Amino acid sequence: MMAHPALSAGRTAVITGAASGIGLAAARRLAAMGLNLCLADRSIAALDQAAAQIGTGRIRTQATDVARLEDLQRLHAVATEAFGEVHLLMNNAGVGFNPGKPWENALGWRELLGINLWGVIHGVQAFVPGMLAHGAPAVVVNTGSKQGITLPPGNSAYNTSKAGVKAYTELLAHELRQAASGRVSAHLLVPGFTYTGMSNRPAKPAGAWTADQVIDVMIEGINRGDFYLFCQDNETPRAVDEKRMAWAAGDLIHNRPALSRWHPDFSEAFAAFLKD
């Protein structure tokens with residue numbers, strides 16, 4: 001399989017949420033592939049530790065609050081001043097705290113959506129105009145989640161944010177096809193159960209993937225030209241994921257109650273659907 005030109009040695013990648021987890025795994029992999037890196041996160045101390053772990057390659061770090069458009073614009077300036085054109089943007093910064101039910105804690109909802117959804121929008125608005133202008137192949141990867149597709153109850157704000165990232169990235173991909181004829185592409189990274197700092201667990205559960213496995217899917221999918229960079233884990237087989245997604249879409253098609261997968265009147269029907 002041929003590598004995507006944006007992933008070639010000497011190209012430049014910008015990663016938000018790069019100090020840990022999936023972002024740090026991406027930084028390590030891209031550095032090993034010879035890309036220049038501009039790494040962003042809220043803590044410069046954490047970024048410096050991440051850069052020390054990577055240890056090789058040309059790396060710049062920049063403290064960034066992705067909820068602030070001006071921080072992303074500054075990140076763009078830092079990256080272009082250091083390395084010139086940007087060829088890969090990975091909008092990966094995210095938080096997973098639970099601000100409460102849909103009618104609770106408006107400020108907490110605003111904070112989470114500001115990072116998880118507006119952080120992606122700010123990254124695109126700060127970097128994509130330059131990608132369209134510079135003429136070289138370029139890639140935008142936005143980190144979503146399976147929870148943004150099937151919306152399991154438990155953290156409504158997080159699920160809302162990741163559903164927004166999915167819709168926004170699908171629309172972005174379409175608009176880029178019209179504007180750049182495929183030269184600049186958008187991709188949705190869809191991790192499943194992944195062991196990162198957001199997991200709040202002392203050790204990796206057997207059912208979880210590592211962040212490096214997620215990046216394997218990301219790199220291979222970009223090289224194939226896939227839009228959906230869909231990750232499995234050690235807990236849920238692909239066939240079960242597909243059934244869950246199909247059932248969720250069927251709620252609208254068949255006029256079932258919202259999230260009927262968890263509705264007591266449909267528990268038997270969903271169990272039968274899984275077995276079918």
# chains A, B, ... in the order shown; residues from 1 in each chain; ligands from 1
>>> select_by_dssp(residues="range 26-251 of chain A", states="strand (DSSP E)", output="PyMOL selection string")
chain A and resi 36-41+59-63+88-91+138-143+184-190+228-230
>>> write_last_selection(atoms="C-alpha atoms", output="mmCIF file, in the first residue's frame")
data_model
loop_
_atom_site.group_PDB
_atom_site.id
_atom_site.type_symbol
_atom_site.label_atom_id
_atom_site.label_comp_id
_atom_site.auth_asym_id
_atom_site.auth_seq_id
_atom_site.Cartn_x
_atom_site.Cartn_y
_atom_site.Cartn_z
ATOM 1 C CA ASN A 36 7.959 17.449 11.585
ATOM 2 C CA LEU A 37 5.662 17.852 14.579
ATOM 3 C CA CYS A 38 3.899 20.782 16.184
ATOM 4 C CA LEU A 39 2.316 19.463 19.381
ATOM 5 C CA ALA A 40 -0.433 21.269 21.279
ATOM 6 C CA ASP A 41 -2.030 20.718 24.662
ATOM 7 C CA ILE A 59 9.349 19.107 17.284
ATOM 8 C CA ARG A 60 7.722 22.342 18.394
ATOM 9 C CA THR A 61 5.337 22.567 21.326
ATOM 10 C CA GLN A 62 2.678 25.165 22.017
ATOM 11 C CA ALA A 63 0.354 25.527 25.003
ATOM 12 C CA LEU A 88 -1.662 16.883 8.519
ATOM 13 C CA LEU A 89 -3.959 18.375 11.145
ATOM 14 C CA MET A 90 -5.173 16.034 13.875
ATOM 15 C CA ASN A 91 -7.929 17.656 15.934
ATOM 16 C CA ALA A 138 -3.130 17.533 3.024
ATOM 17 C CA VAL A 139 -5.221 15.640 5.547
ATOM 18 C CA VAL A 140 -7.505 16.590 8.449
ATOM 19 C CA VAL A 141 -8.250 13.906 11.047
ATOM 20 C CA ASN A 142 -10.923 14.650 13.651
ATOM 21 C CA THR A 143 -11.173 12.319 16.644
ATOM 22 C CA VAL A 184 -7.259 18.043 0.911
ATOM 23 C CA SER A 185 -9.274 15.330 2.632
ATOM 24 C CA ALA A 186 -11.047 14.949 5.967
ATOM 25 C CA HIS A 187 -11.277 11.733 7.985
ATOM 26 C CA LEU A 188 -13.203 10.721 11.109
ATOM 27 C CA LEU A 189 -11.215 8.668 13.619
ATOM 28 C CA VAL A 190 -13.656 6.512 15.594
ATOM 29 C CA TYR A 228 -14.314 6.388 8.549
ATOM 30 C CA LEU A 229 -11.251 5.238 10.489
ATOM 31 C CA PHE A 230 -13.303 2.815 12.582
#
>>> select_by_dssp(residues="range 18-265 of chain A", states="helix (DSSP H, G or I)", output="PyMOL selection string")
chain A and resi 21-32+44-54+69-83+106-116+118-134+147-150+156-180+197-199+211-224+238-253+260-262+264-265
>>> closest_atom_pairs(of="range 29-72 of chain A", to="range 123-134 of chain A", cutoff="12 Å", atoms="only C-alpha atoms", output="tab-separated table")
residue	atom	partner	partner_atom	distance
A:Ala40	CA	A:Gly123	CA	11.2
A:Thr64	CA	A:Gly123	CA	10.9
A:Asp65	CA	A:Gly123	CA	10.8
A:Val66	CA	A:Gly123	CA	7.5
A:Ala67	CA	A:Gly123	CA	9.5
A:Arg68	CA	A:Gly123	CA	9.7
A:Leu69	CA	A:Ala126	CA	7.5
A:Glu70	CA	A:Ala126	CA	8.6
A:Asp71	CA	A:Ala126	CA	9.2
A:Leu72	CA	A:Gly123	CA	5.9
>>> write_last_selection(atoms="N, CA and C atoms", output="compact mmCIF listing (two decimals), in the first residue's frame")
# COMPACT_ATOMS: atom_id res chain seq x y z
N ALA A 40 0.35 20.32 20.49
CA ALA A 40 -0.43 21.27 21.28
C ALA A 40 -1.18 20.55 22.39
N THR A 64 -1.96 25.34 24.28
CA THR A 64 -3.13 25.71 23.47
C THR A 64 -4.41 25.29 24.18
N ASP A 65 -5.35 26.22 24.26
CA ASP A 65 -6.71 25.92 24.70
C ASP A 65 -7.57 25.90 23.44
N VAL A 66 -7.96 24.70 23.00
CA VAL A 66 -8.65 24.59 21.73
C VAL A 66 -10.03 25.23 21.75
N ALA A 67 -10.56 25.52 22.93
CA ALA A 67 -11.85 26.21 23.01
C ALA A 67 -11.75 27.67 22.59
N ARG A 68 -10.53 28.17 22.39
CA ARG A 68 -10.29 29.56 22.00
C ARG A 68 -9.76 29.59 20.57
N LEU A 69 -10.51 30.18 19.65
CA LEU A 69 -10.08 30.26 18.25
C LEU A 69 -8.72 30.93 18.14
N GLU A 70 -8.49 31.99 18.94
CA GLU A 70 -7.22 32.70 18.83
C GLU A 70 -6.03 31.82 19.20
N ASP A 71 -6.23 30.82 20.08
CA ASP A 71 -5.15 29.89 20.40
C ASP A 71 -4.81 29.00 19.21
N LEU A 72 -5.84 28.57 18.48
CA LEU A 72 -5.59 27.76 17.28
C LEU A 72 -4.94 28.60 16.18
>>> residues_around(residues="Arg58 in chain A", least_positions_apart="6", cutoff="10 Å", atoms="only C-alpha atoms", output="PyMOL selection string")
chain A and resi 10+12+31+34-38+51+82-83
>>> write_last_selection(atoms="N, CA and C atoms", output="PDB file, in the first residue's frame")
ATOM      1  N   GLY A  10       9.489  14.577   6.139  1.00  0.00           N
ATOM      2  CA  GLY A  10       9.690  15.983   5.823  1.00  0.00           C
ATOM      3  C   GLY A  10       8.425  16.798   5.796  1.00  0.00           C
ATOM      4  N   THR A  12       4.736  18.078   7.547  1.00  0.00           N
ATOM      5  CA  THR A  12       4.498  18.638   8.889  1.00  0.00           C
ATOM      6  C   THR A  12       3.114  18.263   9.390  1.00  0.00           C
ATOM      7  N   ALA A  31       6.572  10.899  14.170  1.00  0.00           N
ATOM      8  CA  ALA A  31       7.992  11.238  14.311  1.00  0.00           C
ATOM      9  C   ALA A  31       8.850  10.124  13.744  1.00  0.00           C
ATOM     10  N   GLY A  34       9.286  10.317  10.156  1.00  0.00           N
ATOM     11  CA  GLY A  34      10.094  11.419   9.650  1.00  0.00           C
ATOM     12  C   GLY A  34       9.358  12.721   9.471  1.00  0.00           C
ATOM     13  N   LEU A  35       8.150  12.850  10.016  1.00  0.00           N
ATOM     14  CA  LEU A  35       7.417  14.110   9.891  1.00  0.00           C
ATOM     15  C   LEU A  35       7.886  15.113  10.941  1.00  0.00           C
ATOM     16  N   ASN A  36       7.821  16.388  10.598  1.00  0.00           N
ATOM     17  CA  ASN A  36       7.959  17.449  11.585  1.00  0.00           C
ATOM     18  C   ASN A  36       6.685  17.501  12.408  1.00  0.00           C
ATOM     19  N   LEU A  37       6.818  17.852  13.696  1.00  0.00           N
ATOM     20  CA  LEU A  37       5.662  17.852  14.579  1.00  0.00           C
ATOM     21  C   LEU A  37       5.509  19.190  15.283  1.00  0.00           C
ATOM     22  N   CYS A  38       4.270  19.672  15.316  1.00  0.00           N
ATOM     23  CA  CYS A  38       3.899  20.782  16.184  1.00  0.00           C
ATOM     24  C   CYS A  38       2.826  20.239  17.122  1.00  0.00           C
ATOM     25  N   ALA A  51       7.441  15.547  24.411  1.00  0.00           N
ATOM     26  CA  ALA A  51       8.520  15.739  23.440  1.00  0.00           C
ATOM     27  C   ALA A  51       9.765  14.970  23.860  1.00  0.00           C
ATOM     28  N   ALA A  82       7.739  27.654  12.036  1.00  0.00           N
ATOM     29  CA  ALA A  82       8.774  26.652  12.297  1.00  0.00           C
ATOM     30  C   ALA A  82       9.055  25.776  11.082  1.00  0.00           C
ATOM     31  N   PHE A  83       7.997  25.359  10.361  1.00  0.00           N
ATOM     32  CA  PHE A  83       8.166  24.312   9.365  1.00  0.00           C
ATOM     33  C   PHE A  83       7.595  24.643   7.989  1.00  0.00           C
TER      34      PHE A  83
END
>>> closest_atom_pairs(of="range 62-151 of chain A", to="range 161-179 of chain A", cutoff="7 Å", atoms="only C-alpha atoms", output="Markdown table")
| residue | atom | partner | partner_atom | distance |
| --- | --- | --- | --- | --- |
| A:Leu113 | CA | A:Ser161 | CA | 5.6 |
| A:Asn116 | CA | A:Ser161 | CA | 5.8 |
| A:Leu117 | CA | A:Ser161 | CA | 5.3 |
| A:Asn142 | CA | A:Thr169 | CA | 6.9 |
| A:Gly144 | CA | A:Lys162 | CA | 5.2 |
| A:Ser145 | CA | A:Lys162 | CA | 6.0 |
| A:Gln147 | CA | A:Lys162 | CA | 6.9 |
| A:Gly148 | CA | A:Ala163 | CA | 4.0 |
| A:Ile149 | CA | A:Ala163 | CA | 6.1 |
>>> closest_residue(among="A:Tyr158, A:Trp209, A:Phe273, A:Trp247", to="Gly108 in chain A", atoms="only C-alpha atoms")
A:Tyr158
>>> closest_residue(among="A:Trp103, A:Phe193, A:Phe270, A:Trp109", to="Cys231 in chain A", atoms="only C-alpha atoms")
A:Phe193
>>> atom_distance(atom1="CA of Ala45 in chain A", atom2="CA of Glu111 in chain A")
22.2 Å
>>> residues_around(residues="Gly154 in chain A", least_positions_apart="5", cutoff="10 Å", atoms="only C-alpha atoms", output="list in words")
Asn98, Gly100, Lys101 and Asn159 of chain A
>>> closest_atom_pairs(of="range 128-176 of chain A", to="range 254-267 of chain A", cutoff="10 Å", atoms="only C-alpha atoms", output="tab-separated table")
residue	atom	partner	partner_atom	distance
A:Thr150	CA	A:Leu259	CA	8.2
A:Leu151	CA	A:Leu259	CA	7.6
A:Pro152	CA	A:Leu259	CA	7.9
A:Pro153	CA	A:Trp262	CA	8.2
>>> atom_distance(atom1="CA of Gln53 in chain A", atom2="CA of Met2 in chain A")
28.4 Å
>>> decode(residues="range 136-181 of chain A", atoms="N, CA and C atoms", output="PDB file, in the first residue's frame")
ATOM      1  N   ALA A 136      -0.324  21.555  -1.786  1.00  0.00           N
ATOM      2  CA  ALA A 136       0.177  20.201  -1.574  1.00  0.00           C
ATOM      3  C   ALA A 136      -0.923  19.315  -0.994  1.00  0.00           C
ATOM      4  N   PRO A 137      -0.812  17.990  -1.139  1.00  0.00           N
ATOM      5  CA  PRO A 137      -1.781  17.103  -0.502  1.00  0.00           C
ATOM      6  C   PRO A 137      -1.798  17.309   1.008  1.00  0.00           C
ATOM      7  N   ALA A 138      -2.990  17.280   1.593  1.00  0.00           N
ATOM      8  CA  ALA A 138      -3.130  17.533   3.024  1.00  0.00           C
ATOM      9  C   ALA A 138      -4.307  16.734   3.570  1.00  0.00           C
ATOM     10  N   VAL A 139      -4.252  16.497   4.880  1.00  0.00           N
ATOM     11  CA  VAL A 139      -5.221  15.640   5.547  1.00  0.00           C
ATOM     12  C   VAL A 139      -5.661  16.292   6.855  1.00  0.00           C
ATOM     13  N   VAL A 140      -6.958  16.215   7.141  1.00  0.00           N
ATOM     14  CA  VAL A 140      -7.505  16.590   8.449  1.00  0.00           C
ATOM     15  C   VAL A 140      -8.102  15.345   9.068  1.00  0.00           C
ATOM     16  N   VAL A 141      -7.672  15.016  10.289  1.00  0.00           N
ATOM     17  CA  VAL A 141      -8.250  13.906  11.047  1.00  0.00           C
ATOM     18  C   VAL A 141      -8.914  14.485  12.291  1.00  0.00           C
ATOM     19  N   ASN A 142     -10.197  14.230  12.454  1.00  0.00           N
ATOM     20  CA  ASN A 142     -10.923  14.650  13.651  1.00  0.00           C
ATOM     21  C   ASN A 142     -11.255  13.419  14.484  1.00  0.00           C
ATOM     22  N   THR A 143     -10.938  13.468  15.772  1.00  0.00           N
ATOM     23  CA  THR A 143     -11.173  12.319  16.644  1.00  0.00           C
ATOM     24  C   THR A 143     -12.596  12.341  17.185  1.00  0.00           C
ATOM     25  N   GLY A 144     -13.370  11.360  16.757  1.00  0.00           N
ATOM     26  CA  GLY A 144     -14.726  11.182  17.259  1.00  0.00           C
ATOM     27  C   GLY A 144     -14.761  10.072  18.289  1.00  0.00           C
ATOM     28  N   SER A 145     -15.813   9.280  18.266  1.00  0.00           N
ATOM     29  CA  SER A 145     -15.967   8.171  19.202  1.00  0.00           C
ATOM     30  C   SER A 145     -17.145   7.319  18.747  1.00  0.00           C
ATOM     31  N   LYS A 146     -17.087   6.013  19.055  1.00  0.00           N
ATOM     32  CA  LYS A 146     -18.270   5.184  18.836  1.00  0.00           C
ATOM     33  C   LYS A 146     -19.473   5.740  19.593  1.00  0.00           C
ATOM     34  N   GLN A 147     -19.211   6.391  20.731  1.00  0.00           N
ATOM     35  CA  GLN A 147     -20.315   6.935  21.524  1.00  0.00           C
ATOM     36  C   GLN A 147     -21.036   8.067  20.799  1.00  0.00           C
ATOM     37  N   GLY A 148     -20.398   8.678  19.830  1.00  0.00           N
ATOM     38  CA  GLY A 148     -21.046   9.695  19.034  1.00  0.00           C
ATOM     39  C   GLY A 148     -21.928   9.125  17.943  1.00  0.00           C
ATOM     40  N   ILE A 149     -21.945   7.795  17.807  1.00  0.00           N
ATOM     41  CA  ILE A 149     -22.748   7.135  16.780  1.00  0.00           C
ATOM     42  C   ILE A 149     -23.945   6.432  17.408  1.00  0.00           C
ATOM     43  N   THR A 150     -23.687   5.650  18.457  1.00  0.00           N
ATOM     44  CA  THR A 150     -24.780   4.877  19.064  1.00  0.00           C
ATOM     45  C   THR A 150     -25.346   5.529  20.320  1.00  0.00           C
ATOM     46  N   LEU A 151     -24.691   6.554  20.858  1.00  0.00           N
ATOM     47  CA  LEU A 151     -25.217   7.390  21.953  1.00  0.00           C
ATOM     48  C   LEU A 151     -25.643   6.594  23.186  1.00  0.00           C
ATOM     49  N   PRO A 152     -24.759   5.771  23.749  1.00  0.00           N
ATOM     50  CA  PRO A 152     -25.161   5.025  24.944  1.00  0.00           C
ATOM     51  C   PRO A 152     -25.412   5.966  26.112  1.00  0.00           C
ATOM     52  N   PRO A 153     -26.464   5.749  26.890  1.00  0.00           N
ATOM     53  CA  PRO A 153     -26.742   6.626  28.030  1.00  0.00           C
ATOM     54  C   PRO A 153     -25.588   6.608  29.028  1.00  0.00           C
ATOM     55  N   GLY A 154     -25.469   7.708  29.764  1.00  0.00           N
ATOM     56  CA  GLY A 154     -24.444   7.785  30.793  1.00  0.00           C
ATOM     57  C   GLY A 154     -23.721   9.108  30.813  1.00  0.00           C
ATOM     58  N   ASN A 155     -23.376   9.644  29.639  1.00  0.00           N
ATOM     59  CA  ASN A 155     -22.739  10.951  29.566  1.00  0.00           C
ATOM     60  C   ASN A 155     -23.281  11.677  28.337  1.00  0.00           C
ATOM     61  N   SER A 156     -24.399  12.331  28.518  1.00  0.00           N
ATOM     62  CA  SER A 156     -25.093  12.964  27.390  1.00  0.00           C
ATOM     63  C   SER A 156     -24.247  14.036  26.733  1.00  0.00           C
ATOM     64  N   ALA A 157     -23.501  14.801  27.524  1.00  0.00           N
ATOM     65  CA  ALA A 157     -22.708  15.893  26.959  1.00  0.00           C
ATOM     66  C   ALA A 157     -21.595  15.351  26.070  1.00  0.00           C
ATOM     67  N   TYR A 158     -20.886  14.339  26.550  1.00  0.00           N
ATOM     68  CA  TYR A 158     -19.809  13.753  25.753  1.00  0.00           C
ATOM     69  C   TYR A 158     -20.353  13.186  24.447  1.00  0.00           C
ATOM     70  N   ASN A 159     -21.449  12.424  24.544  1.00  0.00           N
ATOM     71  CA  ASN A 159     -22.035  11.835  23.343  1.00  0.00           C
ATOM     72  C   ASN A 159     -22.484  12.906  22.360  1.00  0.00           C
ATOM     73  N   THR A 160     -23.076  13.983  22.876  1.00  0.00           N
ATOM     74  CA  THR A 160     -23.494  15.090  22.011  1.00  0.00           C
ATOM     75  C   THR A 160     -22.292  15.689  21.298  1.00  0.00           C
ATOM     76  N   SER A 161     -21.208  15.878  22.025  1.00  0.00           N
ATOM     77  CA  SER A 161     -20.018  16.480  21.414  1.00  0.00           C
ATOM     78  C   SER A 161     -19.469  15.604  20.298  1.00  0.00           C
ATOM     79  N   LYS A 162     -19.426  14.294  20.525  1.00  0.00           N
ATOM     80  CA  LYS A 162     -18.838  13.405  19.521  1.00  0.00           C
ATOM     81  C   LYS A 162     -19.793  13.173  18.353  1.00  0.00           C
ATOM     82  N   ALA A 163     -21.108  13.228  18.600  1.00  0.00           N
ATOM     83  CA  ALA A 163     -22.057  13.190  17.485  1.00  0.00           C
ATOM     84  C   ALA A 163     -21.882  14.428  16.615  1.00  0.00           C
ATOM     85  N   GLY A 164     -21.628  15.575  17.261  1.00  0.00           N
ATOM     86  CA  GLY A 164     -21.373  16.795  16.504  1.00  0.00           C
ATOM     87  C   GLY A 164     -20.101  16.697  15.678  1.00  0.00           C
ATOM     88  N   VAL A 165     -19.052  16.095  16.244  1.00  0.00           N
ATOM     89  CA  VAL A 165     -17.805  15.912  15.489  1.00  0.00           C
ATOM     90  C   VAL A 165     -18.045  15.032  14.267  1.00  0.00           C
ATOM     91  N   LYS A 166     -18.827  13.975  14.426  1.00  0.00           N
ATOM     92  CA  LYS A 166     -19.147  13.099  13.286  1.00  0.00           C
ATOM     93  C   LYS A 166     -19.837  13.880  12.178  1.00  0.00           C
ATOM     94  N   ALA A 167     -20.919  14.596  12.526  1.00  0.00           N
ATOM     95  CA  ALA A 167     -21.664  15.336  11.506  1.00  0.00           C
ATOM     96  C   ALA A 167     -20.789  16.410  10.869  1.00  0.00           C
ATOM     97  N   TYR A 168     -20.042  17.133  11.688  1.00  0.00           N
ATOM     98  CA  TYR A 168     -19.199  18.209  11.166  1.00  0.00           C
ATOM     99  C   TYR A 168     -18.142  17.657  10.210  1.00  0.00           C
ATOM    100  N   THR A 169     -17.540  16.522  10.558  1.00  0.00           N
ATOM    101  CA  THR A 169     -16.480  15.969   9.723  1.00  0.00           C
ATOM    102  C   THR A 169     -17.033  15.414   8.423  1.00  0.00           C
ATOM    103  N   GLU A 170     -18.217  14.819   8.466  1.00  0.00           N
ATOM    104  CA  GLU A 170     -18.852  14.356   7.227  1.00  0.00           C
ATOM    105  C   GLU A 170     -19.112  15.531   6.293  1.00  0.00           C
ATOM    106  N   LEU A 171     -19.628  16.614   6.822  1.00  0.00           N
ATOM    107  CA  LEU A 171     -19.896  17.798   6.004  1.00  0.00           C
ATOM    108  C   LEU A 171     -18.589  18.429   5.513  1.00  0.00           C
ATOM    109  N   LEU A 172     -17.575  18.446   6.369  1.00  0.00           N
ATOM    110  CA  LEU A 172     -16.275  18.974   5.963  1.00  0.00           C
ATOM    111  C   LEU A 172     -15.709  18.170   4.800  1.00  0.00           C
ATOM    112  N   ALA A 173     -15.788  16.842   4.894  1.00  0.00           N
ATOM    113  CA  ALA A 173     -15.259  16.004   3.812  1.00  0.00           C
ATOM    114  C   ALA A 173     -15.951  16.310   2.489  1.00  0.00           C
ATOM    115  N   HIS A 174     -17.264  16.482   2.535  1.00  0.00           N
ATOM    116  CA  HIS A 174     -17.999  16.812   1.305  1.00  0.00           C
ATOM    117  C   HIS A 174     -17.562  18.165   0.746  1.00  0.00           C
ATOM    118  N   GLU A 175     -17.474  19.165   1.612  1.00  0.00           N
ATOM    119  CA  GLU A 175     -17.091  20.496   1.146  1.00  0.00           C
ATOM    120  C   GLU A 175     -15.671  20.499   0.576  1.00  0.00           C
ATOM    121  N   LEU A 176     -14.773  19.723   1.183  1.00  0.00           N
ATOM    122  CA  LEU A 176     -13.401  19.670   0.670  1.00  0.00           C
ATOM    123  C   LEU A 176     -13.339  18.971  -0.686  1.00  0.00           C
ATOM    124  N   ARG A 177     -14.197  17.983  -0.906  1.00  0.00           N
ATOM    125  CA  ARG A 177     -14.240  17.359  -2.238  1.00  0.00           C
ATOM    126  C   ARG A 177     -14.585  18.389  -3.303  1.00  0.00           C
ATOM    127  N   GLN A 178     -15.497  19.292  -2.961  1.00  0.00           N
ATOM    128  CA  GLN A 178     -15.881  20.323  -3.925  1.00  0.00           C
ATOM    129  C   GLN A 178     -14.781  21.373  -4.086  1.00  0.00           C
ATOM    130  N   ALA A 179     -14.126  21.722  -2.981  1.00  0.00           N
ATOM    131  CA  ALA A 179     -13.171  22.830  -2.997  1.00  0.00           C
ATOM    132  C   ALA A 179     -11.787  22.424  -3.457  1.00  0.00           C
ATOM    133  N   ALA A 180     -11.405  21.157  -3.229  1.00  0.00           N
ATOM    134  CA  ALA A 180     -10.013  20.769  -3.488  1.00  0.00           C
ATOM    135  C   ALA A 180      -9.886  19.504  -4.325  1.00  0.00           C
ATOM    136  N   SER A 181     -11.009  18.952  -4.785  1.00  0.00           N
ATOM    137  CA  SER A 181     -11.003  17.777  -5.659  1.00  0.00           C
ATOM    138  C   SER A 181     -10.194  16.623  -5.077  1.00  0.00           C
TER     139      SER A 181
END
